file my_file05.csv (CSV, C-alpha atoms)
chain,number,residue,atom,x,y,z
F,30,MET,CA,-56.6,-46.4,3.1
F,31,ALA,CA,-55.2,-42.9,3.3
F,32,ASP,CA,-57.3,-40.2,5.0
F,33,GLN,CA,-59.1,-38.0,2.5
F,34,PRO,CA,-60.3,-35.0,4.5
F,35,HIS,CA,-60.6,-32.8,1.5
F,36,LEU,CA,-63.3,-34.9,-0.1
F,37,ALA,CA,-66.8,-33.6,0.4
F,38,GLY,CA,-68.8,-36.9,0.1
F,39,PRO,CA,-69.3,-40.3,-1.5
F,40,THR,CA,-69.7,-38.9,-5.0
F,41,GLU,CA,-66.2,-37.3,-4.9
F,42,GLN,CA,-64.7,-40.3,-3.1
F,43,VAL,CA,-66.0,-42.7,-5.8
F,44,ALA,CA,-64.5,-40.5,-8.5
F,45,VAL,CA,-61.1,-40.6,-6.9
F,46,ALA,CA,-61.2,-44.4,-6.0
F,47,TRP,CA,-62.5,-45.4,-9.4
F,48,GLY,CA,-59.8,-43.2,-11.1
F,49,ARG,CA,-57.2,-45.2,-9.3
F,50,ILE,CA,-58.8,-48.6,-10.2
F,51,GLU,CA,-59.2,-47.6,-13.9
F,52,LYS,CA,-55.6,-46.3,-14.1
F,53,TRP,CA,-54.4,-49.7,-12.8
F,54,LEU,CA,-56.6,-51.6,-15.2
F,55,ARG,CA,-55.4,-49.7,-18.2
F,56,ALA,CA,-51.8,-50.2,-17.2
F,57,HIS,CA,-51.9,-53.9,-16.2
F,58,ALA,CA,-55.2,-55.5,-17.3
F,59,PRO,CA,-56.1,-53.9,-20.7
F,60,ALA,CA,-58.5,-56.7,-21.6
F,61,SER,CA,-60.7,-55.8,-18.6
F,62,ALA,CA,-60.3,-52.1,-19.2
F,63,ALA,CA,-61.4,-52.5,-22.8
F,64,LEU,CA,-64.8,-53.8,-21.6
F,65,LEU,CA,-65.8,-50.6,-19.9
F,66,ARG,CA,-68.9,-48.9,-21.4
F,67,ALA,CA,-69.4,-45.2,-21.9
F,68,PRO,CA,-70.8,-43.2,-19.0
F,69,ALA,CA,-74.5,-43.4,-18.2
F,70,GLY,CA,-76.4,-40.2,-18.8
F,71,GLU,CA,-78.9,-38.5,-16.6
F,72,ASP,CA,-81.8,-39.8,-18.7
F,73,ASP,CA,-80.4,-43.4,-18.4
F,74,LEU,CA,-80.1,-43.1,-14.6
F,75,ALA,CA,-83.6,-41.6,-14.2
F,76,SER,CA,-85.0,-44.3,-16.4
F,77,ALA,CA,-83.4,-47.0,-14.3
F,78,GLU,CA,-84.6,-45.4,-11.1
F,79,GLU,CA,-88.1,-45.2,-12.4
F,80,SER,CA,-88.0,-48.9,-13.5
F,81,ILE,CA,-86.9,-50.2,-10.1
F,82,GLY,CA,-89.0,-47.7,-8.1
F,83,LEU,CA,-86.3,-46.1,-6.0
F,84,SER,CA,-83.3,-43.7,-6.1
F,85,LEU,CA,-79.8,-45.0,-6.4
F,86,PRO,CA,-77.5,-44.1,-3.5
F,87,PRO,CA,-75.2,-41.2,-4.4
F,88,ALA,CA,-72.0,-43.3,-4.6
F,89,LEU,CA,-73.7,-45.9,-6.9
F,90,ARG,CA,-75.1,-43.2,-9.1
F,91,ALA,CA,-71.7,-41.5,-9.3
F,92,TRP,CA,-70.1,-44.8,-10.4
F,93,TYR,CA,-72.5,-45.3,-13.3
F,94,ARG,CA,-71.9,-41.7,-14.3
F,95,LEU,CA,-68.3,-42.8,-14.9
F,96,HIS,CA,-69.2,-46.0,-16.8
F,97,ASP,CA,-72.4,-47.9,-17.5
F,98,GLY,CA,-70.9,-51.2,-16.4
F,99,ILE,CA,-69.1,-53.4,-18.9
F,100,ASN,CA,-69.8,-54.9,-22.3
F,101,GLU,CA,-69.8,-58.7,-22.9
F,102,PRO,CA,-66.6,-60.0,-24.4
F,103,ALA,CA,-66.6,-60.5,-28.2
F,104,GLU,CA,-67.9,-63.9,-29.3
F,105,GLY,CA,-65.5,-66.6,-28.6
F,106,ALA,CA,-63.3,-64.4,-26.4
F,107,SER,CA,-62.5,-65.4,-22.8
F,108,LEU,CA,-64.9,-64.4,-20.0
F,109,TRP,CA,-62.1,-64.0,-17.5
F,110,PRO,CA,-61.5,-60.2,-18.1
F,111,THR,CA,-65.1,-59.6,-17.0
F,112,ALA,CA,-64.3,-60.8,-13.5
F,113,PHE,CA,-62.3,-57.8,-12.4
F,114,LEU,CA,-64.3,-56.9,-9.3
F,115,PRO,CA,-63.4,-58.8,-6.0
F,116,GLY,CA,-65.1,-62.1,-5.8
F,117,ARG,CA,-64.8,-62.6,-9.6
F,118,GLN,CA,-67.7,-60.2,-10.1
F,119,ALA,CA,-68.8,-58.8,-13.5
F,120,TRP,CA,-70.1,-55.2,-13.3
F,121,TYR,CA,-73.7,-54.9,-14.5
F,122,SER,CA,-74.8,-52.3,-17.1
F,123,LEU,CA,-77.9,-50.3,-15.9
F,124,ASP,CA,-80.1,-52.5,-18.1
F,125,GLN,CA,-78.8,-55.6,-16.4
F,126,LEU,CA,-79.2,-54.0,-13.0
F,127,GLU,CA,-82.8,-53.3,-13.7
F,128,ASP,CA,-83.5,-56.9,-14.9
F,129,ALA,CA,-81.7,-58.4,-11.9
F,130,TYR,CA,-83.6,-56.1,-9.4
F,131,VAL,CA,-87.0,-56.9,-10.9
F,132,MET,CA,-86.2,-60.7,-11.0
F,133,GLN,CA,-85.0,-60.7,-7.3
F,134,THR,CA,-87.9,-58.6,-5.9
F,135,ARG,CA,-90.6,-60.2,-8.1
F,136,ASP,CA,-89.6,-63.8,-8.8
F,137,TRP,CA,-87.5,-64.4,-5.7
F,138,GLU,CA,-89.7,-62.2,-3.5
F,139,ARG,CA,-86.7,-60.5,-1.9
F,140,GLU,CA,-87.2,-57.4,0.3
F,141,PRO,CA,-87.0,-54.3,-1.9
F,142,GLY,CA,-84.1,-51.9,-1.6
F,143,HIS,CA,-81.0,-54.0,-2.3
F,144,VAL,CA,-79.8,-52.9,-5.7
F,145,PRO,CA,-77.6,-55.5,-7.4
F,146,PHE,CA,-74.6,-54.1,-9.4
F,147,SER,CA,-72.7,-57.3,-10.2
F,148,CYS,CA,-72.8,-61.1,-10.5
F,149,VAL,CA,-70.2,-63.8,-10.3
F,150,MET,CA,-68.6,-64.3,-13.7
F,151,GLY,CA,-70.9,-66.5,-15.8
F,152,ASP,CA,-73.4,-67.0,-12.9
F,153,ILE,CA,-76.7,-65.1,-12.5
F,154,TRP,CA,-77.3,-66.6,-9.0
F,155,HIS,CA,-74.7,-64.7,-6.8
F,156,GLY,CA,-73.4,-61.2,-6.7
F,157,LEU,CA,-73.1,-57.9,-4.9
F,158,TYR,CA,-75.6,-55.1,-4.1
F,159,VAL,CA,-75.7,-51.6,-2.6
F,160,ASP,CA,-78.3,-51.0,0.1
F,161,ALA,CA,-80.7,-48.3,-1.2
F,162,ARG,CA,-82.9,-48.0,1.8
F,163,PRO,CA,-82.2,-44.5,3.2
F,164,GLU,CA,-84.0,-45.3,6.5
F,165,GLU,CA,-81.6,-48.0,7.3
F,166,GLU,CA,-78.1,-47.6,9.0
F,167,SER,CA,-76.7,-49.8,6.2
F,168,TYR,CA,-77.8,-47.3,3.5
F,169,GLY,CA,-75.0,-47.1,0.9
F,170,ASP,CA,-73.2,-50.3,2.1
F,171,VAL,CA,-72.1,-53.1,-0.1
F,172,GLY,CA,-73.7,-56.5,0.5
F,173,ARG,CA,-73.9,-60.0,-1.0
F,174,TRP,CA,-77.0,-61.4,-2.7
F,175,THR,CA,-77.7,-65.0,-3.7
F,176,VAL,CA,-80.6,-67.0,-5.0
F,177,GLU,CA,-80.6,-69.2,-1.9
F,178,TYR,CA,-80.6,-66.6,0.9
F,179,GLU,CA,-81.8,-63.2,1.9
F,180,PRO,CA,-79.3,-60.4,1.1
F,181,GLU,CA,-76.6,-59.9,3.7
F,182,PRO,CA,-73.8,-57.4,4.5
F,183,LEU,CA,-70.5,-58.2,2.8
F,184,VAL,CA,-68.8,-58.3,6.1
F,185,PRO,CA,-71.4,-59.5,8.7
F,186,GLY,CA,-71.0,-58.0,12.2
F,187,SER,CA,-69.0,-55.0,11.0
F,188,ALA,CA,-69.9,-51.3,11.0
F,189,GLY,CA,-70.7,-51.6,7.3
F,190,TRP,CA,-68.7,-51.2,4.1
F,191,PRO,CA,-69.9,-48.2,2.1
F,192,LEU,CA,-69.4,-48.5,-1.6
F,193,GLU,CA,-67.0,-45.6,-1.8
F,194,ARG,CA,-64.8,-47.1,1.0
F,195,TRP,CA,-65.0,-50.5,-0.6
F,196,MET,CA,-63.8,-49.1,-3.9
F,197,SER,CA,-60.9,-47.3,-2.2
F,198,ASP,CA,-59.9,-50.5,-0.5
F,199,VAL,CA,-60.0,-52.3,-3.8
F,200,ALA,CA,-57.7,-49.7,-5.3
F,201,ASP,CA,-55.3,-50.1,-2.3
F,202,ALA,CA,-55.2,-53.9,-2.9
F,203,LEU,CA,-54.4,-53.4,-6.6
F,204,GLU,CA,-51.7,-50.8,-6.0
F,205,GLN,CA,-50.1,-52.7,-3.2
F,206,GLY,CA,-50.4,-56.1,-4.7
F,207,ARG,CA,-52.1,-57.7,-1.8
F,208,CYS,CA,-55.4,-59.2,-0.7
F,209,LEU,CA,-58.4,-57.1,-0.1
F,210,VAL,CA,-58.6,-55.7,3.4
F,211,GLY,CA,-62.1,-55.1,4.9
F,212,PRO,CA,-63.4,-52.9,7.7
F,213,GLY,CA,-61.4,-53.2,10.9
F,214,GLY,CA,-58.4,-54.4,9.0
F,215,ARG,CA,-59.6,-57.9,8.4
F,216,ARG,CA,-57.6,-59.5,5.6
F,217,ILE,CA,-59.7,-61.4,3.0
F,218,GLU,CA,-57.2,-64.0,2.1
F,219,ASP,CA,-59.3,-65.6,-0.7
F,220,MET,CA,-59.4,-62.3,-2.6
F,221,TRP,CA,-56.0,-61.6,-4.1
F,222,PRO,CA,-55.8,-59.8,-7.4
F,223,ALA,CA,-54.3,-61.9,-10.3
F,224,LEU,CA,-53.7,-61.4,-14.0
F,225,THR,CA,-54.9,-63.9,-16.6
F,226,VAL,CA,-53.0,-64.9,-19.7
F,227,CYS,CA,-55.5,-63.0,-21.8
F,228,GLY,CA,-54.7,-59.6,-20.1
F,229,GLY,CA,-57.6,-59.5,-17.6
F,230,LEU,CA,-57.8,-58.9,-13.9
F,231,THR,CA,-59.4,-61.5,-11.6
F,232,TRP,CA,-59.3,-62.4,-7.9
F,233,VAL,CA,-58.1,-65.7,-6.5
F,234,ASP,CA,-57.4,-67.7,-3.4
F,235,PRO,CA,-53.7,-68.4,-3.9
F,236,HIS,CA,-54.0,-71.4,-1.6
F,237,ASP,CA,-56.5,-73.1,-3.9
F,238,ALA,CA,-54.9,-74.0,-7.2
F,239,ARG,CA,-58.2,-75.4,-8.5
F,240,ARG,CA,-59.7,-71.9,-8.6
F,241,ILE,CA,-56.8,-70.1,-10.3
F,242,PRO,CA,-57.4,-69.7,-14.0
F,243,ARG,CA,-54.7,-71.1,-16.3
F,244,GLY,CA,-52.1,-68.4,-17.0
F,245,ALA,CA,-52.9,-66.3,-13.9
F,246,GLY,CA,-50.2,-64.8,-11.8
F,247,SER,CA,-49.9,-62.5,-8.9
F,248,ALA,CA,-50.9,-59.0,-9.6
F,249,ARG,CA,-48.2,-57.8,-7.3
F,250,ARG,CA,-45.6,-58.6,-10.0
F,251,ALA,CA,-47.5,-56.4,-12.5
F,252,ALA,CA,-47.9,-53.6,-10.0
F,253,LEU,CA,-44.2,-53.4,-9.4
F,254,THR,CA,-43.0,-53.6,-13.0

call {"tool": "encode", "arguments": {"input": "my_file05.csv", "output": "structure tokens"}}
result
Amino acid sequence: MADQPHLAGPTEQVAVAWGRIEKWLRAHAPASAALLRAPAGEDDLASAEESIGLSLPPALRAWYRLHDGINEPAEGASLWPTAFLPGRQAWYSLDQLEDAYVMQTRDWEREPGHVPFSCVMGDIWHGLYVDARPEEESYGDVGRWTVEYEPEPLVPGSAGWPLERWMSDVADALEQGRCLVGPGGRRIEDMWPALTVCGGLTWVDPHDARRIPRGAGSARRAALT
């Protein structure tokens, strides 16, 4: 990731990183780009924060001010374009975020403060969160939630992966046509961007043909054409 000394904080970094991601989506994965919802307003954000009982970290709040997650595909359309976040994640709308947080903290009795922002495509049992506990060193970091286990950092043992840095690393992977690279330069070889035949972005393990959707190809080819 290129140094960005001119950026004042996570809000501005999210705007730059997401701008790169969305530009790439519109150029190479229009079916995924078409699912993006309108920006969330201040009233929407305040309502969500009141509903879950905590404030969203600045980077997460800034992201929803750009788009309120994604819409469901039209009836009968492929679900693959929803899986454009690494790990085949579909980005929650604020309403879905609220429902998922309440379910996890109430029904699953998970510790409060881990705000889910996505789930695996077609699966409500696994996804990603942002740590919204300002008293913790992991505040603002991306993590993984699942129905079976307590929430955990996305890269255990690392110094953390702040949402704004994670988004910038995603943009780098798309623009360079390579796998996602995590903190410390660790290559995540099961997360390569790929394009589906229906014009969506997904992420695959190129060494596991069983998990590559029909018609998917390396996003590297799209990025260089």

call {"tool": "closest_atom_pairs", "arguments": {"input": "my_file05.csv", "of": "region 99-192 of chain F", "to": "region 220-228 of chain F", "cutoff": "10 Å", "atoms": "only C-alpha atoms", "output": "JSON lines"}}
result
{"residue": "F:Ala106", "atom": "CA", "partner": "F:Cys227", "partner_atom": "CA", "distance": 9.2}
{"residue": "F:Ser107", "atom": "CA", "partner": "F:Cys227", "partner_atom": "CA", "distance": 7.5}
{"residue": "F:Leu108", "atom": "CA", "partner": "F:Cys227", "partner_atom": "CA", "distance": 9.7}
{"residue": "F:Trp109", "atom": "CA", "partner": "F:Thr225", "partner_atom": "CA", "distance": 7.3}
{"residue": "F:Pro110", "atom": "CA", "partner": "F:Gly228", "partner_atom": "CA", "distance": 7.1}
{"residue": "F:Phe113", "atom": "CA", "partner": "F:Pro222", "partner_atom": "CA", "distance": 8.4}
{"residue": "F:Leu114", "atom": "CA", "partner": "F:Pro222", "partner_atom": "CA", "distance": 9.2}
{"residue": "F:Pro115", "atom": "CA", "partner": "F:Met220", "partner_atom": "CA", "distance": 6.3}
{"residue": "F:Gly116", "atom": "CA", "partner": "F:Met220", "partner_atom": "CA", "distance": 6.5}
{"residue": "F:Arg117", "atom": "CA", "partner": "F:Met220", "partner_atom": "CA", "distance": 8.8}

call {"tool": "atom_distance", "arguments": {"input": "my_file05.csv", "atom1": "CA of Val43 (chain F)", "atom2": "CA of Met196 (chain F)"}}
result
7.0 Å

call {"tool": "closest_residue", "arguments": {"input": "my_file05.csv", "among": "F:Glu179, F:Glu41, F:Glu127, F:Asp198", "to": "Leu85 (chain F)", "atoms": "all atoms listed in the file"}}
result
F:Glu127

call {"tool": "closest_atom_pairs", "arguments": {"input": "my_file05.csv", "of": "region 93-209 of chain F", "to": "region 52-67 of chain F", "cutoff": "10 Å", "atoms": "all atoms listed in the file", "output": "JSON lines"}}
result
{"residue": "F:Tyr93", "atom": "CA", "partner": "F:Ala67", "partner_atom": "CA", "distance": 9.1}
{"residue": "F:Arg94", "atom": "CA", "partner": "F:Ala67", "partner_atom": "CA", "distance": 8.7}
{"residue": "F:Leu95", "atom": "CA", "partner": "F:Ala67", "partner_atom": "CA", "distance": 7.5}
{"residue": "F:His96", "atom": "CA", "partner": "F:Ala67", "partner_atom": "CA", "distance": 5.2}
{"residue": "F:Asp97", "atom": "CA", "partner": "F:Arg66", "partner_atom": "CA", "distance": 5.3}
{"residue": "F:Gly98", "atom": "CA", "partner": "F:Arg66", "partner_atom": "CA", "distance": 5.9}
{"residue": "F:Ile99", "atom": "CA", "partner": "F:Leu65", "partner_atom": "CA", "distance": 4.4}
{"residue": "F:Asn100", "atom": "CA", "partner": "F:Leu64", "partner_atom": "CA", "distance": 5.2}
{"residue": "F:Glu101", "atom": "CA", "partner": "F:Leu64", "partner_atom": "CA", "distance": 7.1}
{"residue": "F:Pro102", "atom": "CA", "partner": "F:Leu64", "partner_atom": "CA", "distance": 7.0}
{"residue": "F:Ala103", "atom": "CA", "partner": "F:Leu64", "partner_atom": "CA", "distance": 9.6}
{"residue": "F:Ser107", "atom": "CA", "partner": "F:Ala60", "partner_atom": "CA", "distance": 9.7}
{"residue": "F:Leu108", "atom": "CA", "partner": "F:Ser61", "partner_atom": "CA", "distance": 9.7}
{"residue": "F:Trp109", "atom": "CA", "partner": "F:Ser61", "partner_atom": "CA", "distance": 8.4}
{"residue": "F:Pro110", "atom": "CA", "partner": "F:Ser61", "partner_atom": "CA", "distance": 4.5}
{"residue": "F:Thr111", "atom": "CA", "partner": "F:Ser61", "partner_atom": "CA", "distance": 6.0}
{"residue": "F:Ala112", "atom": "CA", "partner": "F:Ser61", "partner_atom": "CA", "distance": 8.0}
{"residue": "F:Phe113", "atom": "CA", "partner": "F:Ser61", "partner_atom": "CA", "distance": 6.7}
{"residue": "F:Trp120", "atom": "CA", "partner": "F:Leu65", "partner_atom": "CA", "distance": 9.1}
{"residue": "F:Ser122", "atom": "CA", "partner": "F:Arg66", "partner_atom": "CA", "distance": 8.1}
{"residue": "F:Ala200", "atom": "CA", "partner": "F:Trp53", "partner_atom": "CA", "distance": 8.2}
{"residue": "F:Leu203", "atom": "CA", "partner": "F:Trp53", "partner_atom": "CA", "distance": 7.2}
{"residue": "F:Glu204", "atom": "CA", "partner": "F:Trp53", "partner_atom": "CA", "distance": 7.4}

call {"tool": "closest_residue", "arguments": {"input": "my_file05.csv", "among": "F:Trp190, F:Tyr178, F:Trp137, F:Tyr158", "to": "Leu89 (chain F)", "atoms": "all atoms listed in the file"}}
result
F:Tyr158

call {"tool": "closest_residue", "arguments": {"input": "my_file05.csv", "among": "F:Val184, F:Glu79, F:Glu193, F:Gly229", "to": "Gly211 (chain F)", "atoms": "only C-alpha atoms"}}
result
F:Val184

call {"tool": "closest_residue", "arguments": {"input": "my_file05.csv", "among": "F:Val210, F:Ala88, F:Gln133, F:His236", "to": "Trp47 (chain F)", "atoms": "all atoms listed in the file"}}
result
F:Ala88

call {"tool": "residues_near_point", "arguments": {"input": "my_file05.csv", "point": "(-82.1, -50.8, -0.5)", "cutoff": "12 Å", "atoms": "only C-alpha atoms", "output": "ChimeraX atom specification"}}
result
/F:81-86,89,130,134,139-145,158-172,174,180-182

call {"tool": "residues_around", "arguments": {"input": "my_file05.csv", "residues": "Ile153 (chain F)", "least_positions_apart": "2", "cutoff": "9 Å", "atoms": "only C-alpha atoms", "output": "PyMOL selection string"}}
result
chain F and resi 129+148-151+155-156+175-176

call {"tool": "atom_distance", "arguments": {"input": "my_file05.csv", "atom1": "CA of Arg173 (chain F)", "atom2": "CA of Leu157 (chain F)"}}
result
4.5 Å

call {"tool": "atom_distance", "arguments": {"input": "my_file05.csv", "atom1": "CA of Arg135 (chain F)", "atom2": "CA of Ser80 (chain F)"}}
result
12.8 Å

call {"tool": "closest_residue", "arguments": {"input": "my_file05.csv", "among": "F:Ala91, F:Ala46, F:Val233, F:Leu126", "to": "Ile217 (chain F)", "atoms": "all atoms listed in the file"}}
result
F:Val233

call {"tool": "closest_residue", "arguments": {"input": "my_file05.csv", "among": "F:Arg207, F:Met132, F:Tyr121, F:Gly38", "to": "Arg194 (chain F)", "atoms": "only C-alpha atoms"}}
result
F:Gly38
